[in-house]
$ cat protein_4.txt   # compact mmCIF, C-alpha atoms
# COMPACT_ATOMS: atom_id res chain seq x y z
CA MET W 1 -50.25 21.50 -57.89
CA VAL W 2 -52.49 24.56 -58.09
CA ARG W 3 -53.63 24.21 -54.48
CA ARG W 4 -49.98 24.13 -53.25
CA CYS W 5 -49.14 27.29 -55.22
CA HIS W 6 -52.15 29.13 -53.77
CA THR W 7 -51.06 28.14 -50.25
CA LEU W 8 -47.66 29.66 -50.80
CA VAL W 9 -49.21 32.85 -52.14
CA ARG W 10 -51.36 33.24 -49.03
CA ALA W 11 -48.25 32.70 -46.88
CA GLY W 12 -46.53 35.59 -48.60
CA VAL W 13 -44.29 33.55 -50.87
CA PRO W 14 -44.08 34.52 -54.55
CA LYS W 15 -46.02 32.23 -56.84
CA LEU W 16 -43.57 29.74 -58.23
CA CYS W 17 -43.76 26.32 -59.64
CA PRO W 18 -43.65 23.72 -56.87
CA LEU W 19 -40.73 22.04 -58.50
CA ASP W 20 -38.76 25.29 -58.70
CA PRO W 21 -35.85 25.20 -56.22
CA ARG W 22 -36.60 28.80 -55.30
CA ALA W 23 -40.03 27.74 -54.06
CA LEU W 24 -38.58 25.01 -51.88
CA HIS W 25 -35.95 27.42 -50.49
CA SER W 26 -38.59 29.99 -49.65
CA SER W 27 -40.64 27.35 -47.88
CA CYS W 28 -37.71 26.39 -45.68
CA LYS W 29 -37.07 30.03 -44.76
CA LEU W 30 -40.68 30.42 -43.80
CA SER W 31 -40.59 27.35 -41.53
CA ASN W 32 -37.46 28.63 -39.78
CA ALA W 33 -39.02 32.04 -39.24
CA ARG W 34 -42.12 30.46 -37.71
CA ALA W 35 -39.93 28.31 -35.42
CA LYS W 36 -38.15 31.40 -34.16
CA THR W 37 -41.35 33.22 -33.35
CA LYS W 38 -42.32 30.37 -31.02
CA THR W 39 -39.43 31.08 -28.56
CA CYS W 40 -40.73 31.28 -24.99
CA PRO W 41 -40.59 34.80 -23.50
CA LYS W 42 -39.21 33.34 -20.24
CA ASP W 43 -36.22 31.99 -22.14
CA LYS W 44 -35.48 35.48 -23.41
CA VAL W 45 -35.61 36.86 -19.86
CA TRP W 46 -33.28 34.22 -18.45
CA ALA W 47 -30.86 34.66 -21.34
CA THR W 48 -30.75 38.41 -20.72
CA LEU W 49 -30.23 37.94 -16.96
CA GLY W 50 -27.53 35.32 -17.54
CA TRP W 51 -25.51 37.64 -19.70
CA ARG W 52 -26.02 40.50 -17.25
CA TYR W 53 -24.80 38.44 -14.27
CA LEU W 54 -21.83 37.15 -16.24
CA PHE W 55 -20.92 40.73 -17.12
CA LEU W 56 -21.14 41.81 -13.46
CA PHE W 57 -19.02 38.84 -12.36
CA LEU W 58 -16.31 39.59 -14.90
CA SER W 59 -16.37 43.28 -13.97
CA PHE W 60 -15.85 42.33 -10.32
CA LEU W 61 -12.87 40.12 -11.12
CA ILE W 62 -11.28 42.72 -13.36
CA ARG W 63 -11.67 45.37 -10.69
CA PHE W 64 -10.34 43.39 -7.75
CA ALA W 65 -8.05 40.80 -9.28
CA GLY W 66 -6.65 42.58 -12.30
CA MET W 67 -6.86 41.38 -15.88
CA GLY W 68 -3.81 39.11 -15.55
CA ASN W 69 -5.25 37.29 -12.56
CA LEU W 70 -8.66 37.18 -14.23
CA LEU W 71 -7.26 35.08 -17.02
CA LYS W 72 -5.61 32.82 -14.48
CA VAL W 73 -8.86 32.45 -12.54
CA LEU W 74 -10.74 31.51 -15.68
CA THR W 75 -8.09 28.94 -16.59
CA ARG W 76 -7.60 27.80 -12.99
CA GLU W 77 -3.89 28.57 -13.11
CA ILE W 78 -3.52 30.77 -10.01
CA GLU W 79 -0.73 29.45 -7.80
CA ASN W 80 -1.41 29.68 -4.07
CA TYR W 81 2.21 29.13 -3.11
CA PRO W 82 5.43 30.97 -4.08
CA HIS W 83 7.60 29.23 -6.61
CA PHE W 84 10.94 30.00 -8.23
CA PHE W 85 14.18 28.15 -8.83
CA LEU W 86 16.48 28.31 -5.82
CA ASP W 87 19.99 27.44 -6.97
CA PHE W 88 21.27 25.23 -4.17
CA GLU W 89 24.33 24.25 -6.21
CA ASN W 90 25.76 27.46 -7.61
CA ALA W 91 24.37 30.45 -5.66
CA GLN W 92 27.11 32.98 -4.89
CA PRO W 93 26.88 35.91 -2.47
CA THR W 94 26.31 39.42 -3.77
CA ASP W 95 28.03 42.42 -2.19
CA CYS W 96 24.99 43.00 0.03
CA GLU W 97 25.11 39.40 1.30
CA ARG W 98 28.87 39.15 1.72
CA ASP W 99 29.29 40.07 5.40
CA VAL W 100 26.61 37.74 6.73
CA TRP W 101 27.62 35.04 4.26
CA ASN W 102 31.22 35.12 5.55
CA GLN W 103 30.10 34.83 9.17
CA VAL W 104 27.87 31.85 8.46
CA ASN W 105 30.38 30.21 6.14
CA ALA W 106 32.98 30.20 8.93
CA VAL W 107 30.58 27.95 10.88
CA LEU W 108 29.37 25.77 8.02
CA GLN W 109 32.86 24.90 6.83
CA ASP W 110 33.28 22.83 10.02
CA SER W 111 29.98 20.98 9.63
CA GLU W 112 31.36 17.99 7.72
CA SER W 113 34.09 17.36 10.30
CA ILE W 114 31.47 17.54 13.04
CA LEU W 115 29.36 14.92 11.28
CA SER W 116 32.41 12.72 10.67
CA GLY W 117 33.35 12.92 14.35
CA LEU W 118 29.83 11.99 15.40
CA GLN W 119 29.66 9.12 12.92
CA ALA W 120 32.96 7.73 14.25
CA TYR W 121 31.77 7.83 17.87
CA LYS W 122 32.10 4.32 19.33
CA GLY W 123 31.52 4.86 23.03
CA ALA W 124 33.03 3.23 26.09
CA GLY W 125 30.21 0.82 26.87
CA GLN W 126 32.35 -2.23 27.56
CA GLU W 127 34.82 -0.40 29.83
CA ILE W 128 31.95 1.17 31.77
CA ARG W 129 30.17 -2.16 32.25
CA GLU W 130 33.35 -3.81 33.55
CA ALA W 131 33.96 -0.92 35.96
CA ILE W 132 30.39 -1.07 37.29
CA GLN W 133 30.51 -4.84 37.72
CA ASN W 134 33.82 -4.61 39.60
CA PRO W 135 33.61 -1.49 41.76
CA ASN W 136 36.65 -2.42 43.84
CA ASP W 137 38.96 -3.05 40.89
CA MET W 138 40.83 0.25 40.57
CA ILE W 139 42.48 -0.79 37.33
CA LEU W 140 39.10 -1.24 35.65
CA GLN W 141 37.87 2.02 37.19
CA GLU W 142 40.83 3.88 35.79
CA ARG W 143 40.47 2.23 32.39
CA ALA W 144 36.80 3.25 32.15
CA TRP W 145 37.60 6.79 33.26
CA ASN W 146 40.44 7.14 30.76
CA SER W 147 38.13 5.88 28.01
CA VAL W 148 35.29 8.26 28.87
CA CYS W 149 37.26 11.50 29.31
CA PRO W 150 38.34 11.91 25.64
CA LEU W 151 34.76 11.14 24.57
CA VAL W 152 33.41 13.87 26.85
CA ILE W 153 35.86 16.36 25.32
CA ARG W 154 34.53 15.35 21.88
CA LEU W 155 30.94 15.75 23.04
CA LYS W 156 31.79 19.21 24.33
CA LYS W 157 33.07 20.11 20.86
CA LEU W 158 29.81 18.95 19.27
CA TYR W 159 27.80 20.93 21.79
CA GLY W 160 29.96 24.00 21.19
CA PHE W 161 29.22 23.73 17.48
CA SER W 162 25.49 23.84 18.20
CA LEU W 163 26.00 27.21 19.93
CA ARG W 164 27.87 28.53 16.90
CA LEU W 165 25.13 27.23 14.63
CA GLU W 166 22.52 28.97 16.75
CA ARG W 167 24.24 32.34 16.29
CA ALA W 168 24.65 31.72 12.55
CA LEU W 169 20.94 30.95 12.18
CA GLN W 170 19.96 34.14 13.97
CA SER W 171 22.20 36.18 11.65
CA LEU W 172 20.49 34.61 8.63
CA LEU W 173 17.01 35.19 10.03
CA GLU W 174 17.85 38.82 10.66
CA SER W 175 18.87 39.24 7.02
CA LEU W 176 15.99 37.24 5.51
CA THR W 177 13.19 38.89 7.49
CA CYS W 178 14.13 42.57 7.54
CA PRO W 179 11.87 45.12 5.79
CA PRO W 180 11.04 46.28 3.21
CA TYR W 181 11.26 42.99 1.29
CA THR W 182 8.88 40.09 1.78
CA PRO W 183 10.31 36.65 2.66
CA THR W 184 9.74 35.53 -0.94
CA GLN W 185 11.66 38.52 -2.27
CA HIS W 186 14.48 37.93 0.22
CA LEU W 187 14.86 34.27 -0.73
CA GLU W 188 14.75 35.03 -4.44
CA LYS W 189 17.15 37.99 -4.30
CA GLU W 190 19.54 36.64 -1.64
CA GLN W 191 19.97 33.09 -2.86
CA ALA W 192 23.41 32.60 -1.30
CA LEU W 193 21.98 33.25 2.16
CA ALA W 194 18.97 31.08 1.36
CA LYS W 195 21.39 28.31 0.40
CA GLN W 196 23.22 28.66 3.71
CA PHE W 197 19.93 28.51 5.57
CA ALA W 198 19.16 25.30 3.67
CA GLU W 199 22.61 23.90 4.52
CA ILE W 200 22.00 24.49 8.22
CA LEU W 201 18.72 22.57 8.01
CA HIS W 202 20.36 19.80 6.01
CA PHE W 203 23.14 19.49 8.59
CA THR W 204 20.61 19.49 11.43
CA LEU W 205 18.64 16.52 10.10
CA ARG W 206 21.81 14.55 9.38
CA PHE W 207 23.23 15.25 12.85
CA ASP W 208 20.03 14.23 14.63
CA GLU W 209 19.67 11.07 12.54
CA LEU W 210 23.18 10.01 13.55
CA LYS W 211 22.70 10.93 17.20
CA MET W 212 19.54 8.82 17.49
CA ARG W 213 21.55 5.79 16.38
CA ILE W 214 24.21 6.24 19.07
CA PRO W 215 22.73 5.56 22.54
CA ALA W 216 26.29 5.31 23.86
CA ILE W 217 26.46 9.12 23.97
CA GLN W 218 24.04 9.45 26.85
CA ASN W 219 25.41 6.37 28.62
CA ASP W 220 28.96 7.72 28.49
CA PHE W 221 27.96 11.15 29.67
CA SER W 222 25.84 9.78 32.52
CA TYR W 223 28.78 7.70 33.74
CA TYR W 224 31.01 10.76 33.54
CA ARG W 225 28.64 12.85 35.68
CA ARG W 226 28.22 10.10 38.28
CA THR W 227 31.96 9.70 38.58
CA ILE W 228 32.52 13.45 38.88
CA SER W 229 29.87 13.70 41.62
CA ARG W 230 31.42 10.78 43.53
CA ASN W 231 34.87 12.33 43.31
CA ARG W 232 33.56 15.65 44.61
CA ILE W 233 32.14 13.87 47.62
CA ASN W 234 35.60 12.41 48.17
CA ASN W 235 37.15 15.89 47.71
CA MET W 236 39.02 14.79 44.60
CA ASN W 237 39.69 17.35 41.88
CA LEU W 238 40.11 16.06 38.35
CA ASP W 239 41.87 17.90 35.53
CA ILE W 240 38.99 17.36 33.13
CA GLU W 241 36.78 19.63 35.21
CA ARG W 242 38.79 22.52 33.82
CA GLU W 243 37.53 21.48 30.41
CA VAL W 244 33.98 20.56 31.40
CA ASN W 245 32.92 22.27 34.62
CA ASN W 246 29.66 21.62 36.41
CA GLU W 247 27.73 24.35 34.57
CA MET W 248 28.93 23.13 31.18
CA ALA W 249 28.10 19.53 32.12
CA ASN W 250 24.55 20.54 33.05
CA ARG W 251 24.00 22.30 29.73
CA MET W 252 25.50 19.41 27.78
CA SER W 253 23.29 16.99 29.66
CA LEU W 254 20.17 18.90 28.64
CA PHE W 255 21.38 19.05 25.04
CA TYR W 256 22.06 15.32 24.67
CA ALA W 257 18.88 14.36 26.52
CA GLU W 258 16.88 15.61 23.54
CA ALA W 259 15.96 13.05 20.88
CA THR W 260 16.80 15.67 18.21
CA PRO W 261 19.22 18.09 19.92
CA MET W 262 20.18 20.16 16.87
CA LEU W 263 16.58 20.65 15.84
CA LYS W 264 15.79 21.73 19.38
CA THR W 265 18.67 24.22 19.14
CA LEU W 266 17.31 25.71 15.90
CA SER W 267 13.78 25.83 17.27
CA THR W 268 14.94 27.64 20.41
CA ALA W 269 17.11 30.00 18.37
CA THR W 270 14.20 30.88 16.10
CA THR W 271 11.82 31.40 19.03
CA ASN W 272 14.39 33.58 20.79
CA PHE W 273 14.87 35.59 17.62
CA VAL W 274 11.14 36.31 17.48
CA THR W 275 11.04 37.19 21.18
CA GLU W 276 14.03 39.50 21.00
CA ASN W 277 12.75 41.33 17.90
CA LYS W 278 9.39 42.47 19.21
CA THR W 279 8.89 45.03 16.45
CA LEU W 280 9.16 42.29 13.84
CA PRO W 281 5.88 40.38 13.25
CA LEU W 282 6.01 36.64 13.86
CA GLU W 283 4.75 36.12 10.30
CA ASN W 284 7.95 37.57 8.88
CA THR W 285 9.88 34.69 10.43
CA THR W 286 7.40 31.88 9.86
CA ASP W 287 6.81 33.04 6.28
CA VAL W 288 10.50 32.51 5.55
CA LEU W 289 10.04 28.88 6.61
CA SER W 290 6.77 28.33 4.75
CA THR W 291 8.14 29.99 1.62
CA MET W 292 11.24 27.79 1.69
CA ALA W 293 9.06 24.68 2.07
CA SER W 294 6.85 25.74 -0.84
CA VAL W 295 9.81 26.52 -3.09
CA CYS W 296 11.39 23.13 -2.36
CA LYS W 297 8.10 21.32 -3.02
CA VAL W 298 7.59 23.04 -6.37
CA MET W 299 11.19 22.37 -7.39
CA LEU W 300 10.83 18.68 -6.55
CA GLU W 301 7.57 18.22 -8.47
CA THR W 302 8.56 20.29 -11.52
CA PRO W 303 10.71 18.45 -14.09
CA ASP W 304 11.84 21.75 -15.61
CA TYR W 305 13.48 22.53 -12.26
CA THR W 306 14.83 19.11 -11.28
CA CYS W 307 16.50 18.70 -14.67
CA ARG W 308 18.64 21.73 -13.77
CA PHE W 309 20.24 19.87 -10.85
CA ASN W 310 23.74 18.73 -11.72
CA SER W 311 23.77 16.01 -9.06
CA GLU W 312 21.24 13.53 -7.73
CA ASP W 313 22.42 14.48 -4.24
CA THR W 314 20.80 17.88 -4.76
CA LEU W 315 17.42 16.14 -5.02
CA LEU W 316 17.91 14.53 -1.61
CA PHE W 317 19.26 17.82 -0.27
CA CYS W 318 16.09 19.58 -1.44
CA MET W 319 13.90 16.96 0.24
CA ARG W 320 15.79 17.26 3.52
CA VAL W 321 15.51 21.03 3.47
CA MET W 322 11.77 20.85 2.81
CA VAL W 323 11.26 18.48 5.75
CA GLY W 324 13.58 20.55 7.94
CA VAL W 325 11.66 23.80 7.44
CA ILE W 326 8.33 21.99 7.96
CA ILE W 327 9.51 20.64 11.31
CA LEU W 328 10.96 23.99 12.33
CA TYR W 329 7.77 25.78 11.28
CA ASP W 330 5.70 23.28 13.27
CA HIS W 331 7.76 23.99 16.41
CA VAL W 332 7.79 27.77 16.03
CA HIS W 333 4.31 28.64 14.74
CA PRO W 334 1.60 28.59 17.44
CA ASN W 335 -0.78 26.56 15.27
CA GLY W 336 1.87 24.34 13.70
CA ALA W 337 2.36 23.16 10.13
CA PHE W 338 -0.54 20.69 9.90
CA ASN W 339 -3.38 23.07 10.69
CA LYS W 340 -5.74 24.05 7.86
CA SER W 341 -4.62 27.64 8.27
CA SER W 342 -0.96 26.68 7.73
CA LYS W 343 0.79 28.34 4.82
CA ILE W 344 2.53 25.07 4.01
CA ASP W 345 0.83 22.65 1.60
CA MET W 346 1.38 19.61 3.80
CA LYS W 347 -0.61 17.26 1.58
CA GLY W 348 1.47 18.29 -1.43
CA CYS W 349 4.76 18.00 0.48
CA ILE W 350 3.99 14.51 1.75
CA LYS W 351 2.84 13.46 -1.71
CA VAL W 352 6.11 14.67 -3.24
CA LEU W 353 8.09 12.63 -0.70
CA LYS W 354 6.04 9.48 -1.30
CA GLU W 355 6.70 9.71 -5.03
CA GLN W 356 10.44 9.28 -4.37
CA PRO W 357 12.23 5.93 -3.83
CA ALA W 358 11.33 4.55 -0.40
CA ASP W 359 14.95 4.23 0.72
CA ASN W 360 15.52 7.95 0.18
CA VAL W 361 12.52 9.19 2.11
CA GLU W 362 11.85 6.67 4.90
CA GLY W 363 13.91 8.66 7.39
CA LEU W 364 12.33 11.93 6.29
CA LEU W 365 8.78 10.61 6.67
CA ASN W 366 9.72 9.28 10.10
CA ALA W 367 11.06 12.71 10.99
CA LEU W 368 7.66 14.22 10.14
CA LYS W 369 5.94 11.53 12.21
CA PHE W 370 8.08 11.61 15.33
CA THR W 371 9.82 14.99 15.58
CA THR W 372 6.97 17.37 14.78
CA LYS W 373 4.92 18.99 17.53
CA HIS W 374 1.36 19.34 16.19
CA LEU W 375 0.79 16.25 14.03
CA HIS W 376 -1.56 14.64 16.55
CA ASP W 377 -3.50 17.79 17.40
CA GLU W 378 -7.25 17.65 16.93
CA SER W 379 -6.97 20.42 14.35
CA THR W 380 -4.83 18.25 12.06
CA PRO W 381 -6.97 16.95 9.15
CA LYS W 382 -7.49 13.19 9.20
CA ASN W 383 -6.29 12.76 5.62
CA ILE W 384 -2.92 14.33 6.54
CA ARG W 385 -2.56 12.01 9.53
CA SER W 386 -3.46 8.97 7.43
CA MET W 387 -0.83 9.88 4.83
CA LEU W 388 1.87 9.60 7.52
CA GLN W 389 0.65 6.34 9.01

$ encode --input "protein_4.txt" --output "structure tokens"
Amino acid sequence: MVRRCHTLVRAGVPKLCPLDPRALHSSCKLSNARAKTKTCPKDKVWATLGWRYLFLFLSFLIRFAGMGNLLKVLTREIENYPHFFLDFENAQPTDCERDVWNQVNAVLQDSESILSGLQAYKGAGQEIREAIQNPNDMILQERAWNSVCPLVIRLKKLYGFSLRLERALQSLLESLTCPPYTPTQHLEKEQALAKQFAEILHFTLRFDELKMRIPAIQNDFSYYRRTISRNRINNMNLDIEREVNNEMANRMSLFYAEATPMLKTLSTATTNFVTENKTLPLENTTDVLSTMASVCKVMLETPDYTCRFNSEDTLLFCMRVMVGVIILYDHVHPNGAFNKSSKIDMKGCIKVLKEQPADNVEGLLNALKFTTKHLHDESTPKNIRSMLQ
């Protein structure tokens, strides 16, 4: 007992009875103090440097990213792609959009009848086969010719609509790319025009899907051109040539020879728009496409957005538009949509499609596989290619 008390006195602790709680408390404080004095000097140096570097890092972020972005960086919430709700169902034109909207609407209001006419196309395959198999039977020749001529007039109407659609697209691009607004600002502020742009893309994919299922179109038109050429040799003039002259027939032939003729029309129209507007940077045009793709992707993967759709058809519409702008971007941009430098999140877009029912997206995934231009380039990441296999 006495020895323990003397030890505490030498350590600088007041002399207390060993059983006194104050003595025990003082002993504990002394042990803690001794433990602290044993801290390695190197630890102190590294602790000081750590705090200093952290301070410099935060100062850098505040200076160059701003406090709002700093918080997002620290919480990993920075979005690399534009996102906002694009009202495909209810967007109405403002006064500033009205003139262009009226021009484009005059074209789009005929789109459903064009699709209905294409869907109802049956072809004259049987009549043509009978005429070819019996070249000397004039009755069969006349029957085949009378069957093909009305179809050629219908095909001319479809081709004429593609020319109208081309002009409408160029009007929209002019409005959605002009300074001083960015493409994102244009699409967010001018939602009625953005909706029309989406409707053109939606129509384009539907038209090309139908056309690919109707091989009779090219067969009928080939027979028509052969017959016209033969009649010219025989110095016979046919009334239909007033409707479809040789120049028109050549242009129609090139149009229907394409696997996706409407997409080719939009691609050419967009490229021509860029070429004709040399003072406008290419990025202004391609950024409209990439922004539209990003907005559609975010809307599809965000329940707070999809729950605002009044119809399930709008979901499919949004998917078609996303695929349409990806394909168009891939045809127009020199590096395409699949390159690492692309402004379109291709991995995210494909993932969004694959999360939908297979029946709804099979045709869209096939469109990405077979109608894009750069998918099989060496610069396309292997994981993107494997996702579309």

$ residues_around --input "protein_4.txt" --residues "stretch 162-174 of chain W" --least-positions-apart "5" --cutoff "7 Å" --atoms "only C-alpha atoms" --output "number ranges by chain"
W: 100, 104, 107, 193, 197, 262, 265-266, 269-270, 273

$ closest_residue --input "protein_4.txt" --among "W:Asn231, W:Gln218, W:Thr285, W:Ser175" --to "W:Leu155" --atoms "only C-alpha atoms"
W:Gln218

$ closest_residue --input "protein_4.txt" --among "W:Asn245, W:Ser379, W:Asn360, W:Ser222" --to "W:Val148" --atoms "only C-alpha atoms"
W:Ser222

$ residues_around --input "protein_4.txt" --residues "W:His333" --least-positions-apart "5" --cutoff "12 Å" --atoms "all atoms listed in the file" --output "PyMOL selection string"
chain W and resi 267+270-271+274+281-290+325-328+338-339+341-344+372-374

$ residues_around --input "protein_4.txt" --residues "W:Ser386" --least-positions-apart "2" --cutoff "12 Å" --atoms "only C-alpha atoms" --output "compact mmCIF listing (two decimals) with C-alpha atoms, in the frame of the given file"
# COMPACT_ATOMS: atom_id res chain seq x y z
CA LYS W 347 -0.61 17.26 1.58
CA ILE W 350 3.99 14.51 1.75
CA LYS W 351 2.84 13.46 -1.71
CA LYS W 369 5.94 11.53 12.21
CA LEU W 375 0.79 16.25 14.03
CA HIS W 376 -1.56 14.64 16.55
CA THR W 380 -4.83 18.25 12.06
CA PRO W 381 -6.97 16.95 9.15
CA LYS W 382 -7.49 13.19 9.20
CA ASN W 383 -6.29 12.76 5.62
CA ILE W 384 -2.92 14.33 6.54
CA LEU W 388 1.87 9.60 7.52
CA GLN W 389 0.65 6.34 9.01
